[in-house]
Structure formats: structure tokens, C-alpha cells
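First comes the structure, then the notes that go with it.
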Amino acid sequence: MSAELLSPDYDPMKDKGEFMNPVMLEYFKLKLLDWRSELLRESSETIKNSLQEEHLQKPDMTDRASAETDHALELRTRDRERKLVKKINQALQRIEDDEYGYCEETGDPISIGRLDARPVATMTLEAQERHERKEKVHRDN
């Protein structure tokens with residue numbers, strides 16, 4: 001199936017077919033590919049702009065400190081986005097492996113609403129909450 005065959009108004013929540021049928025998988029694949037492209041484009045623009053601005057030395061210490069803070073924030077944002085691109089690539093691989101949409105912990109289907117909101121989700125909401133509670137307990141000890 002290709003993007004041309006996927007209706008522009010397709011809504012996976014209204015799809016009454018089999019869970020993760022080919023149309024649904026194509027919808028999520030395109031959503032993930034679009035998201036990844038957007039992140040990579042923004043990253044590329046930031047790098048280009050950052051390199052151009054690096055040559056501008058700020059004579060005022062306040063301006064320089066502000067610029068350094070902005071730069072550090074931008075680097076943290078890009079690092080988070082880099083990790084997100086990795087998760088998107090892993091989700092795309094799960095689509096290829098026919099594992100997408102199923103909880104990695106329980107094997108249960110992940111709700112379409114959760115996947116539509118967070119297409120890189122790997123666990124059902126319940127499994128994710130259990131995982132986070134366990135993490136919190138280990139952090140608190």
C-alpha cells in the first residue's frame with residue numbers, strides 16, 4: 001500500500017477492521033515518517049543558524065551569558081529530538097517486523113488513541129504506569 005491509497009481523511013479510531021490492518025499500519029508509518037522528517041529538518045535549520053551565529057561575539061557579558069544559555073537549551077532540545085528520532089526509527093522497524101501496536105511487556109494491543117497521540121509508544125497505558133511506578137520506587141530507595 002502507498003500513501004496515495006490512504007485516504008486523507010482516514011481516522012484509525014473509526015477503522016472497524018482488524019487491529020493493525022495494512023491501512024492502519026500505513027497510516028502510522030506515514031505519521032512516523034512525517035514526524036521524523038520534521039524533526040530532522042528543524043535540527044538541520046538549527047545547526048545552520050547556530051553555526052552562523054557562532055561567529056558573532058557578544059561584547060556585553062549579559063548578552064553573552066544569555067546567548068550561551070540559549071545555546072545550551074537548544075543543545076538539550078536537539079538531544080531530546082535525537083533520542084526521539086531513534087524511537088521513531090525503532091517504531092518503524094516494529095512496523096516492518098509486524099510487532100507495531102502491541103505492548104512489549106504484555107503483548108496486548110496498545111489503544112489506537114494512545115498510538116495516535118504517541119506513535120512511538122511501546123506499552124499499553126497500564127503497563128507504562130506500572131513501569132513508571134517501579135522506576136519511582138527504585139529511585140526513592
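Please note that chains go A, B, ... in the order of the C-alpha cells, that every chain numbers its residues from 1, and that ligands are numbered from 1 in the order shown.
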Determine, counting only C-alpha atoms, which protein, DNA and RNA residues have an atom within 8 Å of an atom of range 127-131 of chain A; residues of the same chain fewer than 5 positions away are not included. Present the result as a count of residues only. 3
Leu6 in chain A environment, 12 Å, only C-alpha atoms, sequence neighbours closer than 5 positions dropped, as a PyMOL selection string: chain A and resi 1+11-12+22-31
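Among the candidates A:Glu104, A:Asp34, A:Asp70, A:Glu45, the residue lying nearest to Met123 in chain A is A:Glu104 (atoms considered: only C-alpha atoms).
Reported to one decimal place, the separation of CA of Glu42 in chain A from CA of Tyr100 in chain A is 26.4 Å.
Pairwise distance (CA of Ala91 in chain A, CA of Gly113 in chain A) equals 16.1 Å.
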Spatial neighbours of Lys86 in chain A, 12 Å, only C-alpha atoms, chain gap at least 6 places, as a PyMOL selection string: chain A and resi 32+35-36+39-40+79-80+92-93+120
Just C-alpha atoms for this one: save the residues we selected as a PDB file, in the first residue's frame.
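After the write, out-v4.pdb holds the following:
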```pdb
ATOM      1  CA  LEU A  32       6.125   8.454  11.893  1.00  0.00           C
ATOM      2  CA  TRP A  35       7.354  13.370  12.231  1.00  0.00           C
ATOM      3  CA  ARG A  36      10.928  12.205  11.662  1.00  0.00           C
ATOM      4  CA  LEU A  39      12.483  16.800  13.401  1.00  0.00           C
ATOM      5  CA  LEU A  40      15.425  16.344  11.042  1.00  0.00           C
ATOM      6  CA  ASP A  79      19.495  15.862  22.189  1.00  0.00           C
ATOM      7  CA  ARG A  80      15.894  15.060  23.164  1.00  0.00           C
ATOM      8  CA  LEU A  92       9.235   1.998  12.004  1.00  0.00           C
ATOM      9  CA  GLN A  93      11.247  -1.192  12.476  1.00  0.00           C
ATOM     10  CA  VAL A 120       6.331   5.665  19.445  1.00  0.00           C
TER      11      VAL A 120
END
```
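The closest residue to Ser43 in chain A, picked from A:Arg78, A:Lys16, A:His71, A:Arg64 and counting only C-alpha atoms, is A:Arg78.
Proximity of A:Phe19, A:Asp97, A:Glu68, A:Ser7 to Ile110 in chain A, computed with only C-alpha atoms, is greatest for A:Phe19.
Minimum atom-to-atom distances from A:Ser111, A:Ser44, A:Thr69, A:Thr124 to Met20 in chain A were compared using only C-alpha atoms, and the lowest value belongs to A:Ser111.
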When DSSP works through the backbone of this structure, what residues of range 2-124 of chain A end up as alpha helix (DSSP H), shown as a ChimeraX atom specification? /A:22-54,61-96,112-117
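Minimum distance to Tyr102 in chain A across A:Val137, A:Leu33, A:Leu125, A:Met61 (counting only C-alpha atoms) occurs at A:Leu125.
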For CA of Arg82 in chain A and CA of Asn21 in chain A, the interatomic separation in Å (one decimal): 29.5 Å
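Using only C-alpha atoms, the smallest distance between any of A:Leu75, A:Arg139, A:Thr122, A:Arg133 and Asp108 in chain A comes from A:Thr122.
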